[in-house]
file input.cif (mmCIF, C-alpha atoms and all ligand atoms)
data_work
loop_
_atom_site.label_atom_id
_atom_site.label_comp_id
_atom_site.auth_asym_id
_atom_site.auth_seq_id
_atom_site.Cartn_x
_atom_site.Cartn_y
_atom_site.Cartn_z
CA MET A 215 73.57 197.65 18.14
CA SER A 216 71.22 195.02 19.44
CA ASN A 217 71.23 194.29 23.14
CA LEU A 218 70.34 190.63 22.69
CA PRO A 219 72.87 188.15 24.06
CA TYR A 220 75.41 187.50 21.33
CA ILE A 221 76.75 183.96 20.95
CA VAL A 222 79.55 183.67 18.42
CA GLY A 223 81.42 180.56 17.34
CA ASN A 224 85.02 181.03 16.24
CA TRP A 225 85.95 177.98 14.20
CA LYS A 226 89.61 179.08 13.98
CA MET A 227 91.55 176.97 11.43
CA ASN A 228 88.96 174.20 11.45
CA GLY A 229 86.25 173.33 9.01
CA SER A 230 85.65 171.79 5.64
CA ARG A 231 82.62 171.91 3.38
CA ALA A 232 81.37 168.78 5.14
CA MET A 233 81.04 170.88 8.29
CA LEU A 234 78.43 173.10 6.67
CA ALA A 235 76.01 170.48 7.99
CA GLU A 236 76.91 171.65 11.51
CA ALA A 237 76.34 175.26 10.47
CA ARG A 238 72.91 174.35 9.09
CA ALA A 239 72.01 172.58 12.34
CA ILE A 240 73.20 175.60 14.34
CA ASP A 241 71.13 177.84 12.08
CA ARG A 242 68.00 175.77 12.72
CA ALA A 243 68.65 175.87 16.46
CA ALA A 244 69.15 179.65 16.36
CA ALA A 245 65.72 180.01 14.77
CA ARG A 246 64.23 178.57 17.98
CA PHE A 247 65.86 181.31 20.07
CA PRO A 248 64.87 184.62 18.49
CA LYS A 249 66.05 186.48 21.60
CA VAL A 250 69.64 185.36 21.06
CA GLN A 251 71.87 186.72 18.30
CA VAL A 252 74.01 183.89 16.91
CA ALA A 253 76.95 184.00 14.53
CA LEU A 254 79.78 181.83 13.25
CA ALA A 255 83.24 182.85 12.09
CA PRO A 256 84.43 180.00 9.86
CA PRO A 257 87.76 180.01 8.05
CA ALA A 258 87.70 182.39 5.06
CA THR A 259 87.41 179.45 2.66
CA LEU A 260 83.91 178.70 3.95
CA ILE A 261 82.38 182.16 4.24
CA ILE A 262 80.63 182.21 0.87
CA ALA A 263 79.26 178.68 1.19
CA MET A 264 78.19 179.19 4.79
CA ARG A 265 76.44 182.45 3.96
CA GLU A 266 74.43 180.55 1.35
CA ALA A 267 73.75 177.62 3.69
CA VAL A 268 72.29 179.58 6.63
CA GLN A 269 69.49 182.06 7.12
CA GLU A 270 69.21 183.07 10.77
CA ILE A 271 72.77 183.48 11.88
CA GLY A 272 75.54 185.96 11.16
CA VAL A 273 78.63 184.85 9.29
CA GLY A 274 81.97 186.56 9.74
CA GLY A 275 85.72 186.53 9.30
CA GLN A 276 88.38 185.83 11.91
CA ASP A 277 90.78 188.57 10.84
CA CYS A 278 91.25 191.08 8.02
CA HIS A 279 93.97 193.10 6.36
CA ILE A 280 93.95 196.87 6.74
CA GLU A 281 94.16 197.55 2.99
CA ALA A 282 91.28 196.88 0.60
CA SER A 283 93.47 195.12 -1.98
CA GLY A 284 97.06 194.83 -3.15
CA ALA A 285 100.25 192.81 -2.99
CA PHE A 286 99.66 191.10 0.36
CA THR A 287 100.02 187.41 -0.41
CA GLY A 288 97.86 185.21 1.73
CA ASP A 289 95.84 188.02 3.28
CA VAL A 290 92.13 188.73 3.01
CA SER A 291 90.77 192.28 3.18
CA ALA A 292 87.70 193.52 5.01
CA VAL A 293 86.26 194.58 1.66
CA MET A 294 86.66 191.00 0.41
CA LEU A 295 85.01 189.58 3.53
CA ARG A 296 82.07 191.89 2.96
CA ASP A 297 81.93 190.89 -0.71
CA ALA A 298 81.89 187.23 0.35
CA GLY A 299 78.80 187.91 2.46
CA ALA A 300 80.36 188.42 5.88
CA ASP A 301 78.48 190.57 8.38
CA PHE A 302 81.34 191.04 10.83
CA THR A 303 84.92 190.14 11.56
CA ILE A 304 86.89 189.28 14.65
CA VAL A 305 90.08 191.33 15.08
CA GLY A 306 92.88 191.17 17.63
CA HIS A 307 92.35 187.57 18.69
CA SER A 308 95.15 186.55 21.06
CA GLU A 309 96.27 183.91 18.57
CA ARG A 310 96.83 186.69 16.00
CA ARG A 311 98.49 188.93 18.58
CA ALA A 312 100.81 186.15 19.79
CA LEU A 313 101.47 184.08 16.66
CA HIS A 314 101.46 186.89 14.09
CA GLY A 315 102.92 189.63 16.27
CA GLU A 316 99.92 191.93 15.90
CA SER A 317 100.25 195.18 17.85
CA ASP A 318 97.43 197.22 19.37
CA ALA A 319 97.93 199.84 16.65
CA LEU A 320 97.54 197.23 13.91
CA VAL A 321 94.45 195.78 15.57
CA ARG A 322 92.94 199.26 15.74
CA ALA A 323 93.69 199.82 12.04
CA LYS A 324 92.03 196.49 11.24
CA ALA A 325 88.95 197.37 13.28
CA GLU A 326 88.69 200.71 11.50
CA ALA A 327 89.19 199.12 8.07
CA ALA A 328 86.51 196.54 8.85
CA GLN A 329 84.01 199.15 9.92
CA ALA A 330 84.79 201.27 6.87
CA ALA A 331 83.99 198.20 4.74
CA GLY A 332 80.60 197.87 6.42
CA LEU A 333 81.44 195.04 8.81
CA SER A 334 80.67 194.89 12.50
CA VAL A 335 83.69 194.15 14.64
CA ILE A 336 84.41 191.84 17.55
CA LEU A 337 87.62 193.12 19.09
CA CYS A 338 89.45 190.71 21.39
CA VAL A 339 91.52 191.52 24.46
CA GLY A 340 92.86 189.44 27.33
CA GLU A 341 95.79 188.89 29.65
CA THR A 342 98.26 186.01 29.85
CA GLU A 343 98.54 183.84 32.93
CA ALA A 344 101.78 185.54 34.01
CA GLN A 345 100.12 188.94 33.72
CA ARG A 346 97.18 187.80 35.86
CA ASP A 347 99.46 186.17 38.42
CA SER A 348 101.39 189.39 38.80
CA GLY A 349 98.18 191.36 39.41
CA LYS A 350 98.35 193.21 36.09
CA ALA A 351 95.32 191.74 34.27
CA GLU A 352 93.16 194.87 34.38
CA ASP A 353 96.06 197.14 33.43
CA VAL A 354 96.98 194.93 30.47
CA VAL A 355 93.43 194.82 29.17
CA ALA A 356 93.04 198.58 29.68
CA GLY A 357 96.19 199.13 27.62
CA GLN A 358 94.96 196.83 24.86
CA LEU A 359 91.62 198.64 24.73
CA ASP A 360 93.24 202.04 24.73
CA GLY A 361 95.53 201.06 21.85
CA SER A 362 93.20 198.94 19.75
CA LEU A 363 89.63 200.24 19.97
CA PRO A 364 88.53 201.96 16.77
CA ARG A 365 88.07 205.72 17.04
CA GLY A 366 85.78 208.00 15.10
CA ASP A 367 82.15 208.96 14.87
CA GLU A 368 79.60 206.25 15.63
CA VAL A 369 82.13 203.41 15.71
CA ALA A 370 80.68 202.06 18.98
CA ALA A 371 77.46 201.14 17.16
CA GLY A 372 79.12 198.35 15.19
CA LEU A 373 81.37 197.07 17.92
CA ALA A 374 81.56 194.24 20.43
CA VAL A 375 84.51 193.56 22.72
CA ALA A 376 85.49 189.99 23.63
CA TYR A 377 87.37 189.47 26.87
CA GLU A 378 89.36 186.28 26.39
CA PRO A 379 91.97 185.53 29.04
CA VAL A 380 94.76 183.82 27.09
CA TRP A 381 95.21 181.16 29.79
CA ALA A 382 91.53 180.17 29.52
CA ILE A 383 91.55 179.55 25.76
CA GLY A 384 91.40 175.86 24.91
CA THR A 385 92.46 174.84 28.41
CA GLY A 386 89.19 173.99 30.14
CA ARG A 387 90.03 176.60 32.77
CA VAL A 388 87.80 179.63 33.34
CA PRO A 389 88.26 182.61 35.63
CA SER A 390 86.12 182.96 38.74
CA VAL A 391 82.77 184.71 38.50
CA LYS A 392 84.26 187.49 40.61
CA ASP A 393 87.17 187.99 38.23
CA VAL A 394 84.96 187.96 35.13
CA ARG A 395 82.60 190.47 36.73
CA ALA A 396 85.44 192.78 37.76
CA MET A 397 87.06 192.68 34.32
CA HIS A 398 83.81 193.24 32.42
CA LYS A 399 82.96 196.18 34.69
CA ALA A 400 86.38 197.70 34.10
CA ILE A 401 85.93 197.27 30.34
CA ARG A 402 82.49 198.91 30.50
CA THR A 403 83.89 201.89 32.38
CA GLN A 404 86.61 202.33 29.80
CA LEU A 405 84.17 202.02 26.88
CA ILE A 406 82.07 204.81 28.38
CA THR A 407 85.15 206.96 28.96
CA ILE A 408 86.14 206.54 25.31
CA TYR A 409 82.75 206.58 23.55
CA GLY A 410 80.52 208.40 26.01
CA GLU A 411 76.96 207.10 26.35
CA ALA A 412 77.39 204.94 23.22
CA GLY A 413 79.94 202.93 25.18
CA SER A 414 77.16 201.55 27.36
CA GLU A 415 75.65 199.80 24.30
CA VAL A 416 78.76 197.88 23.26
CA ARG A 417 78.35 194.21 24.10
CA ILE A 418 81.16 192.66 26.08
CA LEU A 419 81.51 188.94 25.36
CA TYR A 420 83.37 186.45 27.49
CA GLY A 421 85.57 183.88 25.71
CA GLY A 422 87.78 181.04 26.91
CA SER A 423 86.64 177.44 27.48
CA VAL A 424 82.94 178.29 27.32
CA ASN A 425 80.95 175.07 27.02
CA ALA A 426 77.46 173.69 27.48
CA LYS A 427 78.08 173.14 31.20
CA ASN A 428 79.47 176.52 32.22
CA ALA A 429 77.66 178.82 29.77
CA ALA A 430 74.62 179.62 31.94
CA LYS A 431 76.81 180.61 34.88
CA LEU A 432 79.11 182.79 32.77
CA LEU A 433 76.27 184.44 30.85
CA ALA A 434 74.50 185.39 34.09
CA ILE A 435 77.40 187.59 35.22
CA ASP A 436 76.84 191.37 35.13
CA GLU A 437 78.06 192.96 31.92
CA VAL A 438 78.56 189.62 30.15
CA GLY A 439 76.62 190.24 26.95
CA GLY A 440 77.44 186.99 25.22
CA ALA A 441 80.18 184.48 24.53
CA LEU A 442 82.91 183.92 21.96
CA VAL A 443 83.22 180.16 21.74
CA GLY A 444 86.04 178.18 20.14
CA GLY A 445 86.13 174.39 20.46
CA ALA A 446 82.54 174.03 21.65
CA SER A 447 81.22 175.80 18.54
CA LEU A 448 82.45 173.08 16.16
CA VAL A 449 79.67 170.63 16.93
CA ALA A 450 76.07 171.79 16.65
CA GLU A 451 74.84 169.90 19.70
CA GLY A 452 77.21 171.57 22.16
CA PHE A 453 76.90 175.00 20.59
CA THR A 454 73.12 174.75 20.58
CA ALA A 455 73.18 174.12 24.33
CA ILE A 456 75.15 177.36 24.76
CA ILE A 457 72.62 179.23 22.62
CA GLY A 458 69.87 177.73 24.79
CA ALA A 459 71.63 178.89 27.96
CA ALA A 460 71.73 182.41 26.53
CA GLY A 461 68.03 182.16 25.68
CA GLN A 462 67.23 181.19 29.23
CA SER A 463 69.37 183.93 30.75
CA GLU A 464 67.32 186.32 28.61
CA GLU A 465 64.03 185.00 29.98
CA ALA A 466 65.19 185.06 33.61
P1 LIG B 1 87.93 177.92 23.33
O1 LIG B 1 86.44 178.10 23.51
O2 LIG B 1 88.28 176.72 22.50
O3 LIG B 1 88.64 178.00 24.64
O4 LIG B 1 88.44 179.17 22.45
C1 LIG B 1 88.08 180.44 22.83
C2 LIG B 1 88.46 181.38 21.75
O5 LIG B 1 89.63 181.63 21.53
C3 LIG B 1 87.39 181.96 20.93
O6 LIG B 1 87.85 183.00 20.14
#
call {"tool": "encode", "arguments": {"input": "input.cif", "output": "structure tokens"}}
result
Amino acid sequence: MSNLPYIVGNWKMNGSRAMLAEARAIDRAAARFPKVQVALAPPATLIIAMREAVQEIGVGGQDCHIEASGAFTGDVSAVMLRDAGADFTIVGHSERRALHGESDALVRAKAEAAQAAGLSVILCVGETEAQRDSGKAEDVVAGQLDGSLPRGDEVAAGLAVAYEPVWAIGTGRVPSVKDVRAMHKAIRTQLITIYGEAGSEVRILYGGSVNAKNAAKLLAIDEVGGALVGGASLVAEGFTAIIGAAGQSEEA
């Protein structure tokens, strides 16, 4: 996989066809930063239209079912995402884990189904505030990685991990540089333990209240290979500033 900084916008359950104008503006901005890999994960309803509207950036899903098709009302399979033009999908986002009761084993099955369908995967992990306060953050994330990373030959090549502390999502709070560095280092060590040398190529993104003001500082931290951005990815101007910060961290 590329070692360019990877800046991904997760639109969550936001976005209408009118917002394709933002995607087009983000696409134009991305063209000015060829040393940054940019992608958006819109709601499934917009994947086909967004894929047609943009040229430079990746387009992906936010989740997928483990089966290719069948009687699973309301679900979307990885095969369908691929057919719609998606390049990747997010799996294991904390909102899926918490609000849909997704286990590590299910997240792993989703990651493996996505890769089998030809999608790259962004696999999310992260501790709650109570877990961090009780000193268990690294243990919790290690357990999530152990249970949910895809296994098999060459799976590391199509994989990114997003560290998203649950308490930092949508709150305006971010962990200290020291805590981000320590967590990303721990994740790197575990990726190498699981995948061998290929584990050193997996990009580890930080997510949780990333915005135009704090992006440069977060992206400069060791082992932070990009950002998974929620709220600040919905408006092209703010997201473009984050892409620009990644472009500058690349030049530095
Ligand atoms: P915010 O950037 O809105 O905190 O969301 C982060 C996130 O959950 C991205 O997946």
call {"tool": "axis_aligned_box", "arguments": {"input": "input.cif", "around": "ligand LIG 1 (chain B)", "padding_each_side": "4 Å", "output": "lines of an AutoDock Vina configuration file"}}
result
center_x = 88.0
center_y = 179.9
center_z = 22.4
size_x = 11.2
size_y = 14.3
size_z = 12.5
call {"tool": "closest_atom_pairs", "arguments": {"input": "input.cif", "of": "chain A", "to": "ligand LIG 1 (chain B)", "cutoff": "9 Å", "atoms": "only C-alpha atoms and all ligand atoms", "output": "Markdown table"}}
result
| residue | atom | partner | partner_atom | distance |
| --- | --- | --- | --- | --- |
| A:Val222 | CA | B:LIG1 | C3 | 8.4 |
| A:Gly223 | CA | B:LIG1 | C3 | 7.1 |
| A:Asn224 | CA | B:LIG1 | O6 | 5.2 |
| A:Trp225 | CA | B:LIG1 | C3 | 8.0 |
| A:Lys226 | CA | B:LIG1 | O6 | 7.5 |
| A:Gln276 | CA | B:LIG1 | O6 | 8.7 |
| A:Ile304 | CA | B:LIG1 | O6 | 8.4 |
| A:His307 | CA | B:LIG1 | O6 | 6.6 |
| A:Ser308 | CA | B:LIG1 | O5 | 7.4 |
| A:Glu309 | CA | B:LIG1 | O5 | 7.6 |
| A:Cys338 | CA | B:LIG1 | O6 | 8.0 |
| A:Ala376 | CA | B:LIG1 | O6 | 8.2 |
| A:Glu378 | CA | B:LIG1 | O5 | 6.7 |
| A:Pro379 | CA | B:LIG1 | O5 | 8.8 |
| A:Val380 | CA | B:LIG1 | O5 | 7.9 |
| A:Trp381 | CA | B:LIG1 | O3 | 8.9 |
| A:Ala382 | CA | B:LIG1 | O3 | 6.1 |
| A:Ile383 | CA | B:LIG1 | O3 | 3.5 |
| A:Gly384 | CA | B:LIG1 | O3 | 3.5 |
| A:Thr385 | CA | B:LIG1 | O3 | 6.2 |
| A:Gly386 | CA | B:LIG1 | O3 | 6.8 |
| A:Arg387 | CA | B:LIG1 | O3 | 8.4 |
| A:Val388 | CA | B:LIG1 | O3 | 8.9 |
| A:Tyr420 | CA | B:LIG1 | C3 | 8.9 |
| A:Gly421 | CA | B:LIG1 | C1 | 5.1 |
| A:Gly422 | CA | B:LIG1 | O3 | 3.9 |
| A:Ser423 | CA | B:LIG1 | O3 | 3.5 |
| A:Val424 | CA | B:LIG1 | O1 | 5.2 |
| A:Asn425 | CA | B:LIG1 | O1 | 7.2 |
| A:Ala441 | CA | B:LIG1 | C3 | 8.4 |
| A:Leu442 | CA | B:LIG1 | C3 | 5.0 |
| A:Val443 | CA | B:LIG1 | O1 | 4.2 |
| A:Gly444 | CA | B:LIG1 | O1 | 3.4 |
| A:Gly445 | CA | B:LIG1 | O2 | 3.8 |
| A:Ala446 | CA | B:LIG1 | O1 | 5.9 |
| A:Ser447 | CA | B:LIG1 | O1 | 7.6 |
call {"tool": "residues_around", "arguments": {"input": "input.cif", "residues": "A:Asp301", "least_positions_apart": "5", "cutoff": "8 Å", "atoms": "all atoms listed in the file", "output": "PDB file with C-alpha atoms, in the frame of the given file"}}
result
ATOM      1  CA  GLY A 272      75.540 185.960  11.160  1.00  0.00           C
ATOM      2  CA  VAL A 273      78.630 184.850   9.290  1.00  0.00           C
ATOM      3  CA  GLY A 274      81.970 186.560   9.740  1.00  0.00           C
ATOM      4  CA  ARG A 296      82.070 191.890   2.960  1.00  0.00           C
ATOM      5  CA  GLY A 332      80.600 197.870   6.420  1.00  0.00           C
ATOM      6  CA  LEU A 333      81.440 195.040   8.810  1.00  0.00           C
ATOM      7  CA  SER A 334      80.670 194.890  12.500  1.00  0.00           C
TER       8      SER A 334
END
call {"tool": "closest_residue", "arguments": {"input": "input.cif", "among": "A:Ile240, A:Gln358, A:Thr303, A:Ala327", "to": "A:Ser283", "atoms": "all atoms listed in the file"}}
result
A:Ala327
call {"tool": "residues_around", "arguments": {"input": "input.cif", "residues": "A:Gln251", "least_positions_apart": "3", "cutoff": "12 Å", "atoms": "all atoms listed in the file", "output": "ChimeraX atom specification"}}
result
/A:215-223,240-241,243-248,254,270-273,417,439-442,456-458,460-461,464
call {"tool": "atom_distance", "arguments": {"input": "input.cif", "atom1": "atom CA of A:Ile280", "atom2": "atom CA of A:Leu405"}}
result
23.0 Å
call {"tool": "closest_residue", "arguments": {"input": "input.cif", "among": "A:Thr454, A:Ser230, A:Gln269, A:Thr403", "to": "A:Glu415", "atoms": "all atoms listed in the file"}}
result
A:Thr403
call {"tool": "residues_around", "arguments": {"input": "input.cif", "residues": "A:Ala331", "least_positions_apart": "4", "cutoff": "9 Å", "atoms": "only C-alpha atoms", "output": "PyMOL selection string"}}
result
chain A and resi 282+292-296+326-327
call {"tool": "residues_around", "arguments": {"input": "input.cif", "residues": "A:Gln404", "least_positions_apart": "5", "cutoff": "9 Å", "atoms": "all atoms listed in the file", "output": "ChimeraX atom specification"}}
result
/A:356,359-360,399,409,413
call {"tool": "residues_around", "arguments": {"input": "input.cif", "residues": "A:Glu236", "least_positions_apart": "3", "cutoff": "10 Å", "atoms": "only C-alpha atoms", "output": "PyMOL selection string"}}
result
chain A and resi 229+231-233+239-242+447-451+453
call {"tool": "atom_distance", "arguments": {"input": "input.cif", "atom1": "atom CA of A:Glu316", "atom2": "atom CA of A:Gly288"}}
result
15.8 Å
call {"tool": "closest_residue", "arguments": {"input": "input.cif", "among": "A:Ser362, A:Ser291, A:Ser348, A:Ser317", "to": "A:Ile336", "atoms": "only C-alpha atoms"}}
result
A:Ser362
call {"tool": "closest_residue", "arguments": {"input": "input.cif", "among": "A:Arg322, A:Arg265, A:Arg310, A:Lys249", "to": "A:Leu234", "atoms": "only C-alpha atoms"}}
result
A:Arg265
call {"tool": "closest_residue", "arguments": {"input": "input.cif", "among": "A:Gly366, A:Ala429, A:Ala371, A:Gly357", "to": "A:Ile401", "atoms": "only C-alpha atoms"}}
result
A:Gly357
call {"tool": "closest_residue", "arguments": {"input": "input.cif", "among": "A:Ala344, A:Ala298, A:Ala267, A:Cys278", "to": "A:Ala325", "atoms": "only C-alpha atoms"}}
result
A:Cys278
call {"tool": "atom_distance", "arguments": {"input": "input.cif", "atom1": "atom CA of A:Val250", "atom2": "atom CA of A:Leu432"}}
result
15.3 Å
call {"tool": "decode", "arguments": {"input": "input.cif", "residues": "stretch 286-297 of chain A", "atoms": "all heavy atoms", "output": "CSV table (one decimal), in the first residue's frame"}}
result
chain,number,residue,atom,x,y,z
A,286,PHE,N,-31.0,-10.2,4.1
A,286,PHE,CA,-30.4,-9.3,5.2
A,286,PHE,C,-30.9,-7.9,5.0
A,286,PHE,O,-30.2,-7.0,4.5
A,286,PHE,CB,-28.9,-9.4,5.2
A,286,PHE,CG,-28.3,-10.8,5.3
A,286,PHE,CD1,-27.8,-11.4,4.1
A,286,PHE,CD2,-28.4,-11.5,6.5
A,286,PHE,CE1,-27.4,-12.7,4.2
A,286,PHE,CE2,-27.9,-12.8,6.5
A,286,PHE,CZ,-27.4,-13.4,5.4
A,287,THR,N,-32.2,-7.7,5.3
A,287,THR,CA,-32.9,-6.5,5.0
A,287,THR,C,-32.1,-5.3,5.6
A,287,THR,O,-31.8,-5.3,6.8
A,287,THR,CB,-34.3,-6.5,5.6
A,287,THR,OG1,-35.0,-7.6,5.0
A,287,THR,CG2,-35.1,-5.2,5.3
A,288,GLY,N,-31.9,-4.3,4.7
A,288,GLY,CA,-31.3,-3.1,5.2
A,288,GLY,C,-29.8,-3.1,5.1
A,288,GLY,O,-29.1,-2.0,5.2
A,289,ASP,N,-29.2,-4.3,4.9
A,289,ASP,CA,-27.7,-4.3,4.8
A,289,ASP,C,-27.2,-4.2,3.4
A,289,ASP,O,-27.9,-4.4,2.4
A,289,ASP,CB,-27.2,-5.7,5.4
A,289,ASP,CG,-27.2,-5.7,6.9
A,289,ASP,OD1,-26.6,-4.7,7.4
A,289,ASP,OD2,-27.7,-6.6,7.5
A,290,VAL,N,-25.9,-3.8,3.3
A,290,VAL,CA,-25.2,-3.7,2.0
A,290,VAL,C,-23.9,-4.5,2.1
A,290,VAL,O,-23.2,-4.5,3.1
A,290,VAL,CB,-24.8,-2.2,1.8
A,290,VAL,CG1,-24.0,-2.0,0.6
A,290,VAL,CG2,-26.1,-1.3,1.7
A,291,SER,N,-23.7,-5.3,1.1
A,291,SER,CA,-22.6,-6.2,1.1
A,291,SER,C,-21.3,-5.5,0.5
A,291,SER,O,-21.4,-4.5,-0.2
A,291,SER,CB,-22.8,-7.5,0.3
A,291,SER,OG,-22.8,-7.2,-1.1
A,292,ALA,N,-20.2,-6.1,0.8
A,292,ALA,CA,-18.9,-5.6,0.3
A,292,ALA,C,-18.9,-5.7,-1.2
A,292,ALA,O,-18.4,-4.9,-1.9
A,292,ALA,CB,-17.7,-6.4,0.9
A,293,VAL,N,-19.5,-6.8,-1.7
A,293,VAL,CA,-19.6,-7.0,-3.2
A,293,VAL,C,-20.4,-5.9,-3.8
A,293,VAL,O,-20.0,-5.4,-4.9
A,293,VAL,CB,-20.2,-8.4,-3.5
A,293,VAL,CG1,-20.4,-8.6,-5.0
A,293,VAL,CG2,-19.2,-9.5,-3.0
A,294,MET,N,-21.5,-5.5,-3.2
A,294,MET,CA,-22.3,-4.4,-3.7
A,294,MET,C,-21.5,-3.1,-3.6
A,294,MET,O,-21.7,-2.3,-4.6
A,294,MET,CB,-23.6,-4.3,-2.9
A,294,MET,CG,-24.5,-5.4,-3.1
A,294,MET,SD,-25.8,-5.4,-1.8
A,294,MET,CE,-26.9,-6.6,-2.5
A,295,LEU,N,-20.8,-2.9,-2.6
A,295,LEU,CA,-20.0,-1.6,-2.5
A,295,LEU,C,-19.0,-1.5,-3.7
A,295,LEU,O,-18.9,-0.5,-4.3
A,295,LEU,CB,-19.2,-1.5,-1.2
A,295,LEU,CG,-20.0,-1.4,0.1
A,295,LEU,CD1,-19.1,-1.4,1.3
A,295,LEU,CD2,-20.8,0.0,0.1
A,296,ARG,N,-18.4,-2.7,-3.9
A,296,ARG,CA,-17.4,-2.7,-5.0
A,296,ARG,C,-18.1,-2.4,-6.3
A,296,ARG,O,-17.6,-1.7,-7.2
A,296,ARG,CB,-16.7,-4.1,-5.0
A,296,ARG,CG,-15.6,-4.2,-6.0
A,296,ARG,CD,-14.3,-3.6,-5.4
A,296,ARG,NE,-13.3,-3.5,-6.4
A,296,ARG,CZ,-12.9,-2.3,-7.0
A,296,ARG,NH1,-13.4,-1.2,-6.6
A,296,ARG,NH2,-11.9,-2.3,-7.9
A,297,ASP,N,-19.3,-3.1,-6.5
A,297,ASP,CA,-20.1,-2.9,-7.7
A,297,ASP,C,-20.5,-1.4,-7.9
A,297,ASP,O,-20.6,-1.0,-9.0
A,297,ASP,CB,-21.3,-3.8,-7.7
A,297,ASP,CG,-22.2,-3.7,-8.9
A,297,ASP,OD1,-21.6,-4.0,-10.0
A,297,ASP,OD2,-23.3,-3.3,-8.8
